[in-house]
Amino acid sequence: MSKKTIILIGFILLKFVLQYQLINPEYDLQRDEYLHLDQAHHLAWGYLSVPPVTSWISYIIFLLGNTVFWVKFFPALFGALTLLIVWKTIESLKGNLYALILGATCILFSILLRINTLYQPNSLDILCWTAFYYVIIQYILTEKPKYFFIGAIVFAFGFLNKYNILFLLIGLLPALLLSSERKVFAQKKLYFALFVGLLLILPNLLWQYNNHFPIVHHMKELAETQLVNVDRTGFLKEQLLFFIGSFFVIIAALYALLFYKPFARFKFFFASLIFTLAIFMYFKAKAYYVIGLYPVYIAFGSVFLSQILQTGWKRYLQPAFIIIPLLFFIPMYHLTFPNKSPEYFVKNQEQYKKIGMLRWEDGKDHELPQDFADMLGWKELARKTDSVYALIPNKKETIVLCDNYGQAGAINYYTKKGIKAVSFNADYINWFDLTIQYKNLIRIKNYEEKSTEFEETGPFFKSSAIAGEITNKYAREYKTTIFVFTKAKININKRIEDEIKEEKDYLKE
């Protein structure tokens, strides 16, 4: 086994160790993770929230036991593979051992550690961006047509994971057209590869068509509720923070792409970065959508720096570029990971407020970062719902209806009673089992200071009561209430069917 291989294995092992050490056991899974895990039980070619790949991975997790270990394993794996591809990219660009270590260090001690703690499409999205750029580099170096088809497969897989990868192409195409590499568009096999890629994503496109393109509604809703709070200046500031320990490496890459002769054929990567960032800014996208753009530039920068730092006094700067990512990781470790108790974050909230970590999607500051608050209270909700469900005699005729997908997913993940909670929110709108004639309702409601649930729902049942609420004051779901209604006086199923129809009609608009 070569020295390079041993070092690479060391980086990958360290990556996995860190991922499992960065979350305090006080935290549950995050809201989105529960929805993704539930998709394993409803396999399809598309969902209202994401394309299908996440559901395939969730099904594998389910087969492996559905434990938290496996939930966290896959985003860690995608992060490790991203590191591996950056390593292979550096090798392809003739980088030496120092370049490999520098690139791996920059990738390891970066925002990817935070992204890779959560089971969301983002980790695989970043991997697919990095892999696609790697394929482009391989084609430029070899001009072998096989890379057209490999690129088509990578892009299709990335598209079926998260539509975000479309922005990669939108930013890349004008950059290629303005460069000498535009000759690639004269290659017939490129269009065969495009056809293969289209065939691979076609089932999802047909699903979108048959379901009235819910992605359009989802993006519209996102723009109205979340992206409206995105500040373009803040977007650029966050770009600097994502890979702040690697900032000089990325700057070196941009310089090298313009002036370093061995990179002359890759000059279009400079324009591609500019175009891609401009497009994201135009659409007021969330800053983290762009993270997949940067790993390839770390590869370019590492190779360039390894060459210019080889001789003279400059060789003494080599350790500095390795140490800088490590130094920036220290405050990152203390600030950006849920590795401390909620009480600690609340006690020190002023310092978190200064760096914008307490700003939620609603544009307001709160006690905890939103993702951290979204990782609390779920086990409590599931446990209390189980307790209520256990007391109802005719359980099969009882429906557990939640206000949002986080509540439904968490109950389904942690339940010991076989509950299959649903909601009119997100993909759960398609997962109601109306073959059962329901007589009882366990209603999970977001907290309202002046709740009207009894007045609105109580008259349709013989008995009604509040059975509990989430008491964890740090949870985003704090005071979420469990209502119990038994012995229906009306046809519950008819009411549910009407609500489903109303919601689906809204999604068609």
# chains A, B, ... in the order shown; residues from 1 in each chain; ligands from 1
>>> select_by_dssp(residues="segment 108-294 of chain A", states="alpha helix (DSSP H)", output="compact mmCIF listing (two decimals) with N, CA and C atoms, in the first residue's frame")
# COMPACT_ATOMS: atom_id res chain seq x y z
N LEU A 108 -12.04 18.46 4.20
CA LEU A 108 -12.44 17.84 5.48
C LEU A 108 -12.88 18.87 6.49
N LEU A 112 -18.68 21.31 4.86
CA LEU A 112 -19.19 19.98 4.53
C LEU A 112 -19.40 19.13 5.78
N LEU A 113 -18.63 19.37 6.81
CA LEU A 113 -18.85 18.64 8.06
C LEU A 113 -20.25 18.92 8.60
N ARG A 114 -20.70 20.16 8.47
CA ARG A 114 -22.04 20.52 8.94
C ARG A 114 -23.10 19.93 8.01
N ILE A 115 -22.91 20.09 6.71
CA ILE A 115 -23.88 19.55 5.74
C ILE A 115 -24.02 18.05 5.90
N PRO A 121 -30.92 15.73 0.87
CA PRO A 121 -30.33 15.60 -0.47
C PRO A 121 -29.07 16.44 -0.67
N ASN A 122 -28.78 17.37 0.22
CA ASN A 122 -27.66 18.30 0.01
C ASN A 122 -26.31 17.61 -0.09
N SER A 123 -26.06 16.61 0.74
CA SER A 123 -24.76 15.93 0.73
C SER A 123 -24.51 15.25 -0.61
N LEU A 124 -25.52 14.55 -1.12
CA LEU A 124 -25.38 13.88 -2.41
C LEU A 124 -25.34 14.90 -3.54
N ASP A 125 -26.03 16.01 -3.39
CA ASP A 125 -26.01 17.07 -4.39
C ASP A 125 -24.59 17.61 -4.57
N ILE A 126 -23.91 17.88 -3.47
CA ILE A 126 -22.53 18.38 -3.52
C ILE A 126 -21.61 17.34 -4.16
N LEU A 127 -21.82 16.08 -3.81
CA LEU A 127 -21.03 15.00 -4.42
C LEU A 127 -21.24 14.97 -5.92
N CYS A 128 -22.48 15.10 -6.38
CA CYS A 128 -22.76 15.03 -7.81
C CYS A 128 -22.18 16.22 -8.56
N TRP A 129 -22.23 17.41 -7.98
CA TRP A 129 -21.59 18.57 -8.59
C TRP A 129 -20.09 18.31 -8.76
N THR A 130 -19.47 17.84 -7.68
CA THR A 130 -18.03 17.58 -7.70
C THR A 130 -17.67 16.51 -8.72
N ALA A 131 -18.47 15.44 -8.77
CA ALA A 131 -18.22 14.35 -9.71
C ALA A 131 -18.40 14.81 -11.15
N PHE A 132 -19.39 15.66 -11.41
CA PHE A 132 -19.64 16.13 -12.77
C PHE A 132 -18.47 17.00 -13.25
N TYR A 133 -17.99 17.87 -12.39
CA TYR A 133 -16.83 18.69 -12.76
C TYR A 133 -15.60 17.81 -13.00
N TYR A 134 -15.46 16.76 -12.19
CA TYR A 134 -14.35 15.82 -12.37
C TYR A 134 -14.42 15.16 -13.75
N VAL A 135 -15.62 14.77 -14.16
CA VAL A 135 -15.81 14.14 -15.47
C VAL A 135 -15.44 15.12 -16.59
N ILE A 136 -15.81 16.37 -16.42
CA ILE A 136 -15.45 17.39 -17.43
C ILE A 136 -13.93 17.51 -17.55
N ILE A 137 -13.25 17.53 -16.42
CA ILE A 137 -11.79 17.62 -16.43
C ILE A 137 -11.19 16.40 -17.12
N GLN A 138 -11.74 15.22 -16.86
CA GLN A 138 -11.24 14.01 -17.50
C GLN A 138 -11.42 14.07 -19.01
N TYR A 139 -12.54 14.61 -19.44
CA TYR A 139 -12.76 14.71 -20.89
C TYR A 139 -11.75 15.70 -21.50
N ILE A 140 -11.54 16.84 -20.87
CA ILE A 140 -10.59 17.85 -21.39
C ILE A 140 -9.19 17.25 -21.49
N LEU A 141 -8.83 16.42 -20.52
CA LEU A 141 -7.48 15.84 -20.50
C LEU A 141 -7.33 14.71 -21.53
N THR A 142 -8.38 13.96 -21.76
CA THR A 142 -8.26 12.76 -22.61
C THR A 142 -9.02 12.84 -23.93
N LYS A 146 -16.25 8.53 -23.95
CA LYS A 146 -16.93 7.80 -22.87
C LYS A 146 -17.33 8.73 -21.73
N TYR A 147 -16.58 9.83 -21.59
CA TYR A 147 -16.89 10.76 -20.49
C TYR A 147 -18.17 11.53 -20.74
N PHE A 148 -18.62 11.62 -22.00
CA PHE A 148 -19.94 12.20 -22.27
C PHE A 148 -21.02 11.38 -21.57
N PHE A 149 -20.90 10.07 -21.70
CA PHE A 149 -21.92 9.17 -21.16
C PHE A 149 -21.81 9.08 -19.63
N ILE A 150 -20.57 9.07 -19.13
CA ILE A 150 -20.39 9.07 -17.67
C ILE A 150 -20.97 10.35 -17.09
N GLY A 151 -20.71 11.47 -17.77
CA GLY A 151 -21.25 12.76 -17.31
C GLY A 151 -22.76 12.77 -17.34
N ALA A 152 -23.35 12.17 -18.37
CA ALA A 152 -24.82 12.11 -18.48
C ALA A 152 -25.42 11.32 -17.32
N ILE A 153 -24.76 10.23 -16.96
CA ILE A 153 -25.24 9.39 -15.85
C ILE A 153 -25.10 10.14 -14.52
N VAL A 154 -23.97 10.79 -14.32
CA VAL A 154 -23.76 11.56 -13.09
C VAL A 154 -24.79 12.67 -12.98
N PHE A 155 -24.99 13.40 -14.09
CA PHE A 155 -25.97 14.50 -14.06
C PHE A 155 -27.38 13.97 -13.80
N ALA A 156 -27.75 12.88 -14.46
CA ALA A 156 -29.09 12.32 -14.28
C ALA A 156 -29.31 11.89 -12.84
N PHE A 157 -28.30 11.25 -12.26
CA PHE A 157 -28.42 10.82 -10.87
C PHE A 157 -28.54 12.04 -9.95
N GLY A 158 -27.74 13.07 -10.26
CA GLY A 158 -27.82 14.30 -9.47
C GLY A 158 -29.18 14.97 -9.61
N PHE A 159 -29.73 14.96 -10.82
CA PHE A 159 -31.05 15.55 -11.08
C PHE A 159 -32.13 14.78 -10.31
N LEU A 166 -29.33 21.55 -11.97
CA LEU A 166 -29.62 22.25 -13.22
C LEU A 166 -28.83 23.55 -13.31
N PHE A 167 -28.63 24.20 -12.17
CA PHE A 167 -27.90 25.46 -12.15
C PHE A 167 -26.44 25.27 -12.54
N LEU A 168 -25.91 24.08 -12.29
CA LEU A 168 -24.54 23.78 -12.73
C LEU A 168 -24.47 23.92 -14.26
N LEU A 169 -25.41 23.29 -14.95
CA LEU A 169 -25.41 23.36 -16.41
C LEU A 169 -25.66 24.78 -16.92
N ILE A 170 -26.59 25.47 -16.28
CA ILE A 170 -26.93 26.83 -16.72
C ILE A 170 -25.73 27.76 -16.59
N GLY A 171 -24.92 27.55 -15.56
CA GLY A 171 -23.71 28.35 -15.41
C GLY A 171 -22.56 27.89 -16.28
N LEU A 172 -22.52 26.59 -16.55
CA LEU A 172 -21.40 26.02 -17.32
C LEU A 172 -21.51 26.28 -18.82
N LEU A 173 -22.72 26.19 -19.37
CA LEU A 173 -22.90 26.28 -20.82
C LEU A 173 -22.39 27.60 -21.42
N PRO A 174 -22.76 28.76 -20.89
CA PRO A 174 -22.23 30.00 -21.48
C PRO A 174 -20.71 30.11 -21.34
N ALA A 175 -20.17 29.57 -20.23
CA ALA A 175 -18.72 29.59 -20.03
C ALA A 175 -18.02 28.77 -21.11
N LEU A 176 -18.58 27.60 -21.44
CA LEU A 176 -18.01 26.76 -22.50
C LEU A 176 -18.12 27.43 -23.87
N LEU A 177 -19.28 28.03 -24.12
CA LEU A 177 -19.51 28.66 -25.42
C LEU A 177 -18.55 29.83 -25.67
N LYS A 188 -20.74 14.49 -32.10
CA LYS A 188 -22.04 13.82 -32.20
C LYS A 188 -22.37 12.99 -30.97
N LYS A 189 -21.34 12.36 -30.39
CA LYS A 189 -21.59 11.48 -29.25
C LYS A 189 -22.08 12.27 -28.02
N LEU A 190 -21.78 13.58 -27.99
CA LEU A 190 -22.30 14.41 -26.91
C LEU A 190 -23.82 14.38 -26.91
N TYR A 191 -24.42 14.41 -28.07
CA TYR A 191 -25.88 14.45 -28.17
C TYR A 191 -26.51 13.09 -27.90
N PHE A 192 -25.78 12.03 -28.24
CA PHE A 192 -26.23 10.70 -27.83
C PHE A 192 -26.25 10.59 -26.30
N ALA A 193 -25.20 11.15 -25.69
CA ALA A 193 -25.11 11.13 -24.23
C ALA A 193 -26.24 11.94 -23.61
N LEU A 194 -26.54 13.09 -24.21
CA LEU A 194 -27.65 13.92 -23.73
C LEU A 194 -28.97 13.14 -23.80
N PHE A 195 -29.14 12.37 -24.86
CA PHE A 195 -30.34 11.56 -25.01
C PHE A 195 -30.42 10.49 -23.93
N VAL A 196 -29.27 9.87 -23.63
CA VAL A 196 -29.22 8.87 -22.55
C VAL A 196 -29.61 9.52 -21.22
N GLY A 197 -29.06 10.70 -20.96
CA GLY A 197 -29.38 11.41 -19.73
C GLY A 197 -30.86 11.74 -19.65
N LEU A 198 -31.43 12.15 -20.78
CA LEU A 198 -32.87 12.46 -20.82
C LEU A 198 -33.71 11.23 -20.53
N LEU A 199 -33.31 10.10 -21.08
CA LEU A 199 -34.04 8.84 -20.82
C LEU A 199 -34.02 8.49 -19.33
N LEU A 200 -32.88 8.74 -18.69
CA LEU A 200 -32.74 8.40 -17.27
C LEU A 200 -33.63 9.27 -16.37
N ILE A 201 -33.80 10.52 -16.75
CA ILE A 201 -34.63 11.40 -15.91
C ILE A 201 -36.09 11.44 -16.36
N LEU A 202 -36.38 10.79 -17.50
CA LEU A 202 -37.73 10.83 -18.05
C LEU A 202 -38.81 10.34 -17.08
N PRO A 203 -38.60 9.24 -16.34
CA PRO A 203 -39.66 8.81 -15.41
C PRO A 203 -40.05 9.89 -14.41
N ASN A 204 -39.08 10.64 -13.95
CA ASN A 204 -39.39 11.73 -13.01
C ASN A 204 -40.12 12.88 -13.70
N LEU A 205 -39.71 13.19 -14.93
CA LEU A 205 -40.39 14.25 -15.68
C LEU A 205 -41.85 13.87 -15.94
N LEU A 206 -42.08 12.58 -16.26
CA LEU A 206 -43.45 12.11 -16.47
C LEU A 206 -44.26 12.18 -15.18
N TRP A 207 -43.60 11.86 -14.06
CA TRP A 207 -44.28 11.96 -12.76
C TRP A 207 -44.67 13.41 -12.50
N GLN A 208 -43.75 14.33 -12.77
CA GLN A 208 -44.05 15.74 -12.59
C GLN A 208 -45.24 16.15 -13.45
N TYR A 209 -45.23 15.70 -14.71
CA TYR A 209 -46.33 16.04 -15.62
C TYR A 209 -47.66 15.48 -15.12
N ASN A 210 -47.66 14.21 -14.73
CA ASN A 210 -48.89 13.56 -14.26
C ASN A 210 -49.41 14.14 -12.96
N PRO A 214 -45.69 19.68 -9.45
CA PRO A 214 -45.66 20.25 -8.09
C PRO A 214 -44.38 21.02 -7.78
N ILE A 215 -43.27 20.72 -8.52
CA ILE A 215 -42.03 21.44 -8.28
C ILE A 215 -42.21 22.93 -8.53
N VAL A 216 -43.07 23.28 -9.49
CA VAL A 216 -43.33 24.69 -9.80
C VAL A 216 -44.03 25.35 -8.62
N HIS A 217 -45.04 24.67 -8.08
CA HIS A 217 -45.75 25.20 -6.92
C HIS A 217 -44.81 25.29 -5.72
N HIS A 218 -43.98 24.24 -5.54
CA HIS A 218 -43.04 24.22 -4.42
C HIS A 218 -42.08 25.41 -4.49
N MET A 219 -41.55 25.69 -5.68
CA MET A 219 -40.61 26.80 -5.83
C MET A 219 -41.31 28.14 -5.62
N LYS A 220 -42.55 28.23 -6.08
CA LYS A 220 -43.31 29.47 -5.88
C LYS A 220 -43.55 29.72 -4.40
N GLU A 221 -43.94 28.66 -3.69
CA GLU A 221 -44.18 28.76 -2.25
C GLU A 221 -42.89 29.09 -1.51
N LEU A 222 -41.79 28.47 -1.94
CA LEU A 222 -40.49 28.72 -1.34
C LEU A 222 -40.10 30.19 -1.52
N ALA A 223 -40.33 30.70 -2.72
CA ALA A 223 -39.99 32.09 -3.01
C ALA A 223 -40.80 33.06 -2.16
N GLU A 224 -42.07 32.70 -1.91
CA GLU A 224 -42.95 33.60 -1.16
C GLU A 224 -42.70 33.56 0.34
N THR A 225 -42.29 32.40 0.86
CA THR A 225 -42.18 32.24 2.31
C THR A 225 -40.75 32.29 2.85
N ARG A 232 -29.17 39.51 -0.98
CA ARG A 232 -28.10 39.18 -1.91
C ARG A 232 -26.72 39.50 -1.34
N THR A 233 -26.63 40.56 -0.58
CA THR A 233 -25.34 40.88 0.06
C THR A 233 -24.98 39.80 1.07
N GLY A 234 -25.99 39.37 1.83
CA GLY A 234 -25.77 38.29 2.79
C GLY A 234 -25.39 37.00 2.11
N PHE A 235 -25.97 36.77 0.92
CA PHE A 235 -25.64 35.60 0.11
C PHE A 235 -24.14 35.55 -0.17
N LEU A 236 -23.59 36.67 -0.60
CA LEU A 236 -22.15 36.73 -0.93
C LEU A 236 -21.29 36.57 0.32
N LYS A 237 -21.72 37.17 1.42
CA LYS A 237 -20.96 37.04 2.67
C LYS A 237 -20.89 35.58 3.10
N GLU A 238 -22.00 34.87 2.96
CA GLU A 238 -22.02 33.47 3.36
C GLU A 238 -21.12 32.61 2.48
N GLN A 239 -20.97 33.00 1.21
CA GLN A 239 -20.06 32.26 0.34
C GLN A 239 -18.64 32.27 0.90
N LEU A 240 -18.25 33.40 1.46
CA LEU A 240 -16.91 33.52 2.05
C LEU A 240 -16.77 32.64 3.28
N LEU A 241 -17.87 32.51 4.04
CA LEU A 241 -17.82 31.76 5.29
C LEU A 241 -17.79 30.25 5.07
N PHE A 242 -18.42 29.78 3.99
CA PHE A 242 -18.53 28.34 3.78
C PHE A 242 -17.17 27.66 3.76
N PHE A 247 -10.15 29.85 1.81
CA PHE A 247 -10.37 31.04 0.99
C PHE A 247 -9.19 31.33 0.07
N PHE A 248 -7.97 31.28 0.63
CA PHE A 248 -6.79 31.59 -0.17
C PHE A 248 -6.53 30.53 -1.24
N VAL A 249 -6.94 29.31 -0.96
CA VAL A 249 -6.79 28.24 -1.95
C VAL A 249 -7.73 28.48 -3.13
N ILE A 250 -8.96 28.89 -2.84
CA ILE A 250 -9.92 29.17 -3.90
C ILE A 250 -9.49 30.39 -4.72
N ILE A 251 -8.99 31.43 -4.03
CA ILE A 251 -8.48 32.61 -4.73
C ILE A 251 -7.30 32.22 -5.63
N ALA A 252 -6.43 31.35 -5.11
CA ALA A 252 -5.30 30.86 -5.91
C ALA A 252 -5.80 30.12 -7.15
N ALA A 253 -6.89 29.38 -6.99
CA ALA A 253 -7.46 28.65 -8.13
C ALA A 253 -7.95 29.61 -9.21
N LEU A 254 -8.62 30.67 -8.81
CA LEU A 254 -9.14 31.64 -9.77
C LEU A 254 -8.01 32.34 -10.51
N TYR A 255 -6.96 32.68 -9.79
CA TYR A 255 -5.77 33.28 -10.43
C TYR A 255 -5.14 32.29 -11.42
N ALA A 256 -5.00 31.05 -10.97
CA ALA A 256 -4.36 30.03 -11.80
C ALA A 256 -5.16 29.75 -13.07
N LEU A 257 -6.48 29.76 -12.96
CA LEU A 257 -7.32 29.49 -14.12
C LEU A 257 -7.15 30.58 -15.19
N LEU A 258 -6.76 31.76 -14.77
CA LEU A 258 -6.55 32.86 -15.72
C LEU A 258 -5.12 32.93 -16.25
N PHE A 259 -4.14 32.60 -15.39
CA PHE A 259 -2.75 32.92 -15.74
C PHE A 259 -1.77 31.73 -15.72
N PHE A 268 -12.32 28.20 -18.74
CA PHE A 268 -13.77 28.38 -18.70
C PHE A 268 -14.35 28.14 -17.30
N PHE A 269 -13.61 27.43 -16.43
CA PHE A 269 -14.07 27.23 -15.06
C PHE A 269 -14.18 28.56 -14.32
N PHE A 270 -13.34 29.51 -14.67
CA PHE A 270 -13.42 30.84 -14.04
C PHE A 270 -14.75 31.50 -14.39
N ALA A 271 -15.07 31.52 -15.67
CA ALA A 271 -16.32 32.12 -16.11
C ALA A 271 -17.53 31.35 -15.57
N SER A 272 -17.38 30.03 -15.48
CA SER A 272 -18.48 29.20 -14.98
C SER A 272 -18.85 29.57 -13.55
N LEU A 273 -17.86 29.82 -12.72
CA LEU A 273 -18.12 30.23 -11.34
C LEU A 273 -18.87 31.55 -11.31
N ILE A 274 -18.45 32.51 -12.12
CA ILE A 274 -19.10 33.82 -12.15
C ILE A 274 -20.55 33.69 -12.60
N PHE A 275 -20.76 32.96 -13.70
CA PHE A 275 -22.12 32.79 -14.22
C PHE A 275 -23.02 32.07 -13.20
N THR A 276 -22.49 31.03 -12.58
CA THR A 276 -23.30 30.24 -11.64
C THR A 276 -23.71 31.07 -10.44
N LEU A 277 -22.76 31.81 -9.87
CA LEU A 277 -23.08 32.67 -8.73
C LEU A 277 -24.10 33.74 -9.12
N ALA A 278 -23.94 34.30 -10.30
CA ALA A 278 -24.86 35.35 -10.76
C ALA A 278 -26.28 34.82 -10.89
N ILE A 279 -26.40 33.60 -11.40
CA ILE A 279 -27.74 33.00 -11.57
C ILE A 279 -28.39 32.75 -10.22
N PHE A 280 -27.63 32.21 -9.29
CA PHE A 280 -28.18 31.97 -7.94
C PHE A 280 -28.59 33.29 -7.29
N MET A 281 -27.78 34.33 -7.46
CA MET A 281 -28.11 35.63 -6.87
C MET A 281 -29.37 36.22 -7.52
N TYR A 282 -29.50 36.05 -8.83
CA TYR A 282 -30.67 36.56 -9.53
C TYR A 282 -31.95 35.95 -8.96
>>> closest_residue(among="A:Asp386, A:Asp505, A:Gln187, A:Ser58", to="His36 of chain A", atoms="only C-alpha atoms")
A:Ser58
>>> atom_distance(atom1="atom CA of Leu358 of chain A", atom2="atom CA of Asn24 of chain A")
18.5 Å
>>> atom_distance(atom1="atom CA of Leu77 of chain A", atom2="atom CA of Met357 of chain A")
26.3 Å
>>> residues_around(residues="Phe109 of chain A", least_positions_apart="6", cutoff="8 Å", atoms="only C-alpha atoms", output="list of chain:residue names")
A:Gly245, A:Pro325, A:Leu326, A:Phe329
>>> residues_around(residues="Leu8 of chain A", least_positions_apart="3", cutoff="12 Å", atoms="only C-alpha atoms", output="list in words")
Met1, Ser2, Lys3, Lys4, Thr5, Phe11, Ile12, Leu13, Leu14, Lys15, Ala80, Leu81, Leu83, Leu84, Ile85, Val86, Trp87, Lys88, Leu97, Leu100, Ile101, Leu102, Gly103, Ala104, Thr105 and Leu108 of chain A
>>> closest_residue(among="A:Asp433, A:Asp371, A:Glu477, A:Asp32", to="Thr54 of chain A", atoms="only C-alpha atoms")
A:Asp32
>>> residues_around(residues="Gly458 of chain A", least_positions_apart="6", cutoff="9 Å", atoms="only C-alpha atoms", output="ChimeraX atom specification")
/A:464-465,485
>>> write_last_selection(atoms="C-alpha atoms", output="compact mmCIF listing (two decimals), in the first residue's frame")
# COMPACT_ATOMS: atom_id res chain seq x y z
CA SER A 464 -62.83 15.45 23.11
CA ALA A 465 -59.81 16.22 25.29
CA PHE A 485 -61.50 13.07 19.62
>>> closest_residue(among="A:His41, A:Lys445, A:Lys462, A:Lys144", to="Tyr478 of chain A", atoms="only C-alpha atoms")
A:Lys445
>>> residues_around(residues="Lys416 of chain A", least_positions_apart="3", cutoff="10 Å", atoms="only C-alpha atoms", output="short mmCIF file (atom, residue, chain, number, x, y, z; two decimals) with C-alpha atoms, in the first residue's frame")
data_model
loop_
_atom_site.label_atom_id
_atom_site.label_comp_id
_atom_site.auth_asym_id
_atom_site.auth_seq_id
_atom_site.Cartn_x
_atom_site.Cartn_y
_atom_site.Cartn_z
CA ALA A 382 -43.96 10.29 19.56
CA ARG A 383 -43.88 8.88 23.09
CA ASP A 386 -48.10 6.37 21.56
CA SER A 387 -49.44 6.65 25.12
CA ALA A 390 -52.60 2.81 23.44
CA ILE A 411 -44.24 9.84 15.12
CA ASN A 412 -43.89 7.22 12.38
CA TYR A 413 -40.16 6.87 12.99
CA ILE A 419 -48.87 4.32 14.16
#
>>> closest_residue(among="A:Ser306, A:Gln120, A:Gln349, A:Asn164", to="Leu293 of chain A", atoms="only C-alpha atoms")
A:Asn164
